[in-house]
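Asks: Dropping a structure here in C-alpha cells format, bear with me for questions.
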Amino acid sequence: MVIEDEPDILEVIQYNLEREGHKVIACRNGEQGLSRIRTDNPDLVILDLMLPGMDGVEVCRQVKSDPVTKAIPIIMVTAKSEESDIVLGLGIGADDYICKPFSTRELIARVKVVLRRGPLREESGGGERVVRGSLTIDLGRHEARVEEALVNLTPTEMRLLHFLASHPGRVFPRAHLLSRVIGEDAIVTDRNIDVHVRALRQKLGDHQSLIETVRGVGYRFAEAAR
Ligand code: CA
C-alpha cells in the first residue's frame, strides 16, 4: 500500500512497484490509508509523513499500537531535512525510512529488504544466540566472540550488541536503544548510548564497522553482515 497525497509521486511509485510485480493499493490521505490497512492487510505500507488531515506519524502510531496491524511493515517517506521526523517515526515503530527525493531503484531496494526481513521480532529471552559472520553473541552464556576469541563486554554492551545484531540493516534511534538495553527507568540521556557504542566499538577492534552510525538518527548493525 502506498499512502501519498502528491499525485505525481504516487503514480511514479505505483507504476514502478507494479512493474516489479507488486499489487499496489494507492491511498491519497491518512484516514483512507488507515482504514484500508485494517481491511486489506497489506504486506507493506509506504507512508508519506506529510499528509493533509491525519499525518503519517499518526497513521504509523495507530498501525503499530494495534495488535492486529502492528506486524505490517512500514517504510516512512520523509524530506531530507526532517531528521527529527525520522527519529520520531522509527521510535513509534516504523521499520525503515526513505528520504525525498529518492530514486526508484533505491525505493525498490528498500521494499525488497523490508519484505525479506519481515516484522520486528521481539527477543525470545535468555539463551538466544546470534551469529553474524565471524561474530557470535550468546546472551544466555553472556559470551561474545569474534573469530572464536572472547570479547569482554559489560552486560549493557552485551545487550546492545545482541539487540543490534538481531536486526541487521535496521536503524534504531538512540532513545529506542536506551529503553531496550538500559531500561526505561534509568536516568540517562540519549547521548549516553553513544558512550556504550564507543566502548563496544573499541572492544570489537577490527570489526567495529559492524556498528554503523546513522547521522542524526541512531545506530544500525551492518546489513552486509547478515
Ligand atoms: Ca506529502
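Note on naming: chains are A, B, ... as they come in the C-alpha cells, residues start from 1 per chain, ligands start from 1 in the order shown.
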List all protein, DNA and RNA residues that have any atom at most 6 Å from ligand 1, counting only C-alpha atoms and all ligand atoms, and write the list as an MDAnalysis selection string.

Replies: chainID A and resid 4:6 48 50:51

Asks: Which residues come within 12 Å of Gly216 in chain A, counting only C-alpha atoms, excluding same-chain residues fewer than 3 positions away, as a VMD selection string?

Replies: chain A and resid 80 to 88 171 to 174 190 to 191 213 219

Asks: Would you put the residues from that selection into a file with all heavy atoms, as a tab-separated table (two decimals), in the first residue's frame?

Replies:
```tsv
chain	number	residue	atom	x	y	z
A	80	LYS	N	14.40	15.26	3.40
A	80	LYS	CA	15.76	15.02	3.86
A	80	LYS	C	16.11	15.77	5.14
A	80	LYS	O	16.87	15.30	5.98
A	80	LYS	CB	16.75	15.39	2.77
A	80	LYS	CG	18.08	14.68	2.93
A	80	LYS	CD	18.69	14.34	1.60
A	80	LYS	CE	19.43	13.03	1.64
A	80	LYS	NZ	19.55	12.35	0.39
A	81	SER	N	15.57	16.96	5.30
A	81	SER	CA	15.97	17.81	6.43
A	81	SER	C	15.30	17.40	7.73
A	81	SER	O	15.67	17.85	8.80
A	81	SER	CB	15.63	19.25	6.11
A	81	SER	OG	14.24	19.34	5.82
A	82	GLU	N	14.31	16.53	7.64
A	82	GLU	CA	13.49	16.27	8.82
A	82	GLU	C	13.99	15.10	9.65
A	82	GLU	O	13.32	14.09	9.81
A	82	GLU	CB	12.04	16.03	8.39
A	82	GLU	CG	11.42	17.24	7.72
A	82	GLU	CD	10.16	16.91	6.95
A	82	GLU	OE1	9.59	15.84	7.19
A	82	GLU	OE2	9.77	17.71	6.10
A	83	GLU	N	15.22	15.28	10.20
A	83	GLU	CA	15.79	14.19	11.00
A	83	GLU	C	14.94	13.87	12.22
A	83	GLU	O	14.83	12.72	12.63
A	83	GLU	CB	17.21	14.55	11.42
A	83	GLU	CG	18.21	14.31	10.31
A	83	GLU	CD	19.62	14.72	10.67
A	83	GLU	OE1	19.80	15.35	11.72
A	83	GLU	OE2	20.53	14.39	9.90
A	84	SER	N	14.34	14.91	12.79
A	84	SER	CA	13.53	14.65	13.98
A	84	SER	C	12.32	13.78	13.64
A	84	SER	O	11.87	12.97	14.44
A	84	SER	CB	13.07	15.97	14.61
A	84	SER	OG	12.34	16.71	13.66
A	85	ASP	N	11.79	13.95	12.42
A	85	ASP	CA	10.68	13.10	11.98
A	85	ASP	C	11.11	11.65	11.84
A	85	ASP	O	10.36	10.72	12.15
A	85	ASP	CB	10.14	13.57	10.62
A	85	ASP	CG	9.31	14.84	10.76
A	85	ASP	OD1	8.97	15.18	11.90
A	85	ASP	OD2	9.04	15.47	9.74
A	86	ILE	N	12.33	11.47	11.33
A	86	ILE	CA	12.85	10.11	11.16
A	86	ILE	C	12.95	9.43	12.53
A	86	ILE	O	12.51	8.31	12.72
A	86	ILE	CB	14.24	10.13	10.48
A	86	ILE	CG1	14.12	10.73	9.07
A	86	ILE	CG2	14.83	8.73	10.42
A	86	ILE	CD1	15.46	11.01	8.41
A	87	VAL	N	13.55	10.17	13.48
A	87	VAL	CA	13.72	9.62	14.83
A	87	VAL	C	12.37	9.29	15.44
A	87	VAL	O	12.15	8.22	16.01
A	87	VAL	CB	14.49	10.62	15.72
A	87	VAL	CG1	14.52	10.14	17.16
A	87	VAL	CG2	15.91	10.79	15.21
A	88	LEU	N	11.43	10.22	15.29
A	88	LEU	CA	10.09	10.02	15.83
A	88	LEU	C	9.42	8.80	15.19
A	88	LEU	O	8.89	7.92	15.88
A	88	LEU	CB	9.24	11.28	15.57
A	88	LEU	CG	7.78	11.23	16.02
A	88	LEU	CD1	7.71	11.09	17.53
A	88	LEU	CD2	7.05	12.51	15.58
A	171	VAL	N	17.67	0.56	11.36
A	171	VAL	CA	18.15	1.72	12.11
A	171	VAL	C	17.33	1.88	13.39
A	171	VAL	O	16.10	1.84	13.35
A	171	VAL	CB	17.99	3.01	11.30
A	171	VAL	CG1	18.63	4.17	12.04
A	171	VAL	CG2	18.58	2.86	9.92
A	172	PHE	N	18.02	2.07	14.51
A	172	PHE	CA	17.32	2.33	15.77
A	172	PHE	C	17.73	3.68	16.32
A	172	PHE	O	18.93	3.96	16.46
A	172	PHE	CB	17.64	1.24	16.80
A	172	PHE	CG	17.09	-0.10	16.44
A	172	PHE	CD1	17.90	-1.08	15.91
A	172	PHE	CD2	15.74	-0.38	16.61
A	172	PHE	CE1	17.39	-2.32	15.55
A	172	PHE	CE2	15.21	-1.62	16.26
A	172	PHE	CZ	16.05	-2.59	15.73
A	173	PRO	N	16.75	4.53	16.66
A	173	PRO	CA	17.08	5.80	17.30
A	173	PRO	C	17.70	5.54	18.67
A	173	PRO	O	17.44	4.52	19.30
A	173	PRO	CB	15.71	6.49	17.47
A	173	PRO	CG	14.77	5.76	16.60
A	173	PRO	CD	15.30	4.37	16.47
A	174	ARG	N	18.48	6.52	19.13
A	174	ARG	CA	19.15	6.37	20.43
A	174	ARG	C	18.17	6.08	21.56
A	174	ARG	O	18.42	5.21	22.40
A	174	ARG	CB	19.92	7.65	20.75
A	174	ARG	CG	21.14	7.84	19.87
A	174	ARG	CD	21.84	9.15	20.21
A	174	ARG	NE	23.12	9.21	19.53
A	174	ARG	CZ	23.26	9.59	18.26
A	174	ARG	NH1	22.21	9.95	17.55
A	174	ARG	NH2	24.45	9.61	17.70
A	190	ASP	N	19.95	10.62	25.79
A	190	ASP	CA	20.18	9.92	24.54
A	190	ASP	C	21.67	9.73	24.27
A	190	ASP	O	22.09	8.74	23.70
A	190	ASP	CB	19.57	10.70	23.38
A	190	ASP	CG	18.06	10.49	23.31
A	190	ASP	OD1	17.52	9.87	24.25
A	190	ASP	OD2	17.46	10.93	22.33
A	191	ARG	N	22.47	10.71	24.66
A	191	ARG	CA	23.89	10.66	24.34
A	191	ARG	C	24.60	9.55	25.13
A	191	ARG	O	25.69	9.15	24.78
A	191	ARG	CB	24.56	12.01	24.63
A	191	ARG	CG	24.06	13.10	23.73
A	191	ARG	CD	24.45	12.87	22.28
A	191	ARG	NE	23.49	13.51	21.38
A	191	ARG	CZ	23.45	13.35	20.07
A	191	ARG	NH1	24.30	12.54	19.48
A	191	ARG	NH2	22.54	13.94	19.34
A	213	THR	N	26.97	4.26	12.38
A	213	THR	CA	26.27	5.45	12.86
A	213	THR	C	25.40	5.97	11.73
A	213	THR	O	25.86	6.13	10.61
A	213	THR	CB	27.28	6.54	13.25
A	213	THR	OG1	28.15	6.01	14.26
A	213	THR	CG2	26.57	7.77	13.80
A	219	TYR	N	21.76	4.22	15.42
A	219	TYR	CA	22.74	3.21	15.03
A	219	TYR	C	22.07	2.03	14.35
A	219	TYR	O	20.89	1.77	14.55
A	219	TYR	CB	23.49	2.71	16.27
A	219	TYR	CG	24.32	3.77	16.93
A	219	TYR	CD1	23.85	4.44	18.05
A	219	TYR	CD2	25.56	4.14	16.41
A	219	TYR	CE1	24.59	5.44	18.65
A	219	TYR	CE2	26.31	5.13	17.00
A	219	TYR	CZ	25.82	5.77	18.13
A	219	TYR	OH	26.56	6.76	18.71
```

Asks: If DSSP is run on the backbone, what residues of range 51-223 of chain A are strand (DSSP E)? A reply as a VMD selection string would be ideal.

Replies: chain A and resid 74 to 79 96 to 100 129 to 132 135 to 138 143 to 146 149 to 151 172 to 173 211 to 214 218 to 221

Asks: Go ahead and dump the residues you just picked, C-alpha atoms, as a PDB file, in the first residue's frame.

Replies:
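Here's the written file result.pdb:
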```
ATOM      1  CA  ILE A  74       6.031   0.497   7.297  1.00  0.00           C
ATOM      2  CA  ILE A  75       8.558   2.433   5.236  1.00  0.00           C
ATOM      3  CA  MET A  76       8.246   6.135   6.011  1.00  0.00           C
ATOM      4  CA  VAL A  77       8.850   8.699   3.326  1.00  0.00           C
ATOM      5  CA  THR A  78      10.261  11.945   4.648  1.00  0.00           C
ATOM      6  CA  ALA A  79      12.004  15.102   3.486  1.00  0.00           C
ATOM      7  CA  ASP A  96      12.585   1.836   7.704  1.00  0.00           C
ATOM      8  CA  TYR A  97      12.609   5.246   6.094  1.00  0.00           C
ATOM      9  CA  ILE A  98      13.483   6.794   2.784  1.00  0.00           C
ATOM     10  CA  CYS A  99      14.223  10.457   2.159  1.00  0.00           C
ATOM     11  CA  LYS A 100      12.750  12.584  -0.625  1.00  0.00           C
ATOM     12  CA  ARG A 129      22.388 -16.992  20.167  1.00  0.00           C
ATOM     13  CA  VAL A 130      23.024 -14.676  17.229  1.00  0.00           C
ATOM     14  CA  VAL A 131      25.683 -15.404  14.627  1.00  0.00           C
ATOM     15  CA  ARG A 132      26.681 -12.738  12.096  1.00  0.00           C
ATOM     16  CA  LEU A 135      30.708 -12.587  15.345  1.00  0.00           C
ATOM     17  CA  THR A 136      28.771 -14.771  17.785  1.00  0.00           C
ATOM     18  CA  ILE A 137      26.714 -13.414  20.671  1.00  0.00           C
ATOM     19  CA  ASP A 138      25.267 -15.808  23.214  1.00  0.00           C
ATOM     20  CA  GLU A 143      29.523 -14.554  25.798  1.00  0.00           C
ATOM     21  CA  ALA A 144      30.541 -12.671  22.701  1.00  0.00           C
ATOM     22  CA  ARG A 145      33.187 -13.983  20.343  1.00  0.00           C
ATOM     23  CA  VAL A 146      34.927 -12.583  17.289  1.00  0.00           C
ATOM     24  CA  ALA A 149      38.213 -15.064  20.571  1.00  0.00           C
ATOM     25  CA  LEU A 150      36.212 -13.941  23.607  1.00  0.00           C
ATOM     26  CA  VAL A 151      35.314 -10.245  23.764  1.00  0.00           C
ATOM     27  CA  PHE A 172      17.324   2.326  15.765  1.00  0.00           C
ATOM     28  CA  PRO A 173      17.075   5.799  17.299  1.00  0.00           C
ATOM     29  CA  ILE A 211      28.054  -0.938  14.151  1.00  0.00           C
ATOM     30  CA  GLU A 212      27.187   1.912  11.842  1.00  0.00           C
ATOM     31  CA  THR A 213      26.269   5.448  12.856  1.00  0.00           C
ATOM     32  CA  VAL A 214      23.247   6.858  11.043  1.00  0.00           C
ATOM     33  CA  GLY A 218      20.960   6.481  15.721  1.00  0.00           C
ATOM     34  CA  TYR A 219      22.737   3.208  15.029  1.00  0.00           C
ATOM     35  CA  ARG A 220      22.393   0.061  12.997  1.00  0.00           C
ATOM     36  CA  PHE A 221      24.180  -3.249  12.590  1.00  0.00           C
TER      37      PHE A 221
END
```

Asks: Can you list, as a list in words, every protein, DNA or RNA residue that comes within 8 Å of Leu34 in chain A when you count only C-alpha atoms, leaving out same-chain residues fewer than 4 positions away?

Replies: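 My reading of the contact set: Gly30, Arg38, Val59 and Val63 of chain A.
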
Asks: For those residues, write N, CA, C and O atoms to a file as an mmCIF file, in the first residue's frame.

Replies:
```cif
data_model
loop_
_atom_site.group_PDB
_atom_site.id
_atom_site.type_symbol
_atom_site.label_atom_id
_atom_site.label_comp_id
_atom_site.auth_asym_id
_atom_site.auth_seq_id
_atom_site.Cartn_x
_atom_site.Cartn_y
_atom_site.Cartn_z
ATOM 1 N N GLY A 30 -4.370 10.025 5.005
ATOM 2 C CA GLY A 30 -4.122 9.156 6.146
ATOM 3 C C GLY A 30 -5.339 8.377 6.612
ATOM 4 O O GLY A 30 -5.248 7.187 6.915
ATOM 5 N N ARG A 38 -6.503 -1.647 7.663
ATOM 6 C CA ARG A 38 -7.278 -2.551 8.518
ATOM 7 C C ARG A 38 -8.097 -3.558 7.720
ATOM 8 O O ARG A 38 -8.235 -4.710 8.118
ATOM 9 N N VAL A 59 -0.758 7.902 11.529
ATOM 10 C CA VAL A 59 -1.105 6.638 10.881
ATOM 11 C C VAL A 59 -0.195 5.526 11.409
ATOM 12 O O VAL A 59 -0.645 4.453 11.818
ATOM 13 N N VAL A 63 -1.253 2.178 13.514
ATOM 14 C CA VAL A 63 -0.992 0.837 12.962
ATOM 15 C C VAL A 63 -0.145 0.023 13.936
ATOM 16 O O VAL A 63 -0.414 -1.150 14.198
#
```

Asks: When you look at Ile3 in chain A with a cut-off of 8 Å (counting only C-alpha atoms), what residues show up, excluding the ones that are within fewer than 6 positions of it in the same chain? I need them as a ChimeraX atom specification.

Replies: /A:10,26-30,33,45-48

Asks: Run DSSP on the backbone and give me the residues of range 23-67 of chain A it puts in alpha helix (DSSP H), as a list in words.

Replies: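 Across range 23-67 of chain A, those assigned alpha helix (DSSP H) are Gly30, Glu31, Gln32, Gly33, Leu34, Ser35, Arg36, Ile37, Arg38, Thr39, Asp40, Gly56, Val57, Glu58, Val59, Cys60, Arg61, Gln62, Val63, Lys64 and Ser65 of chain A.
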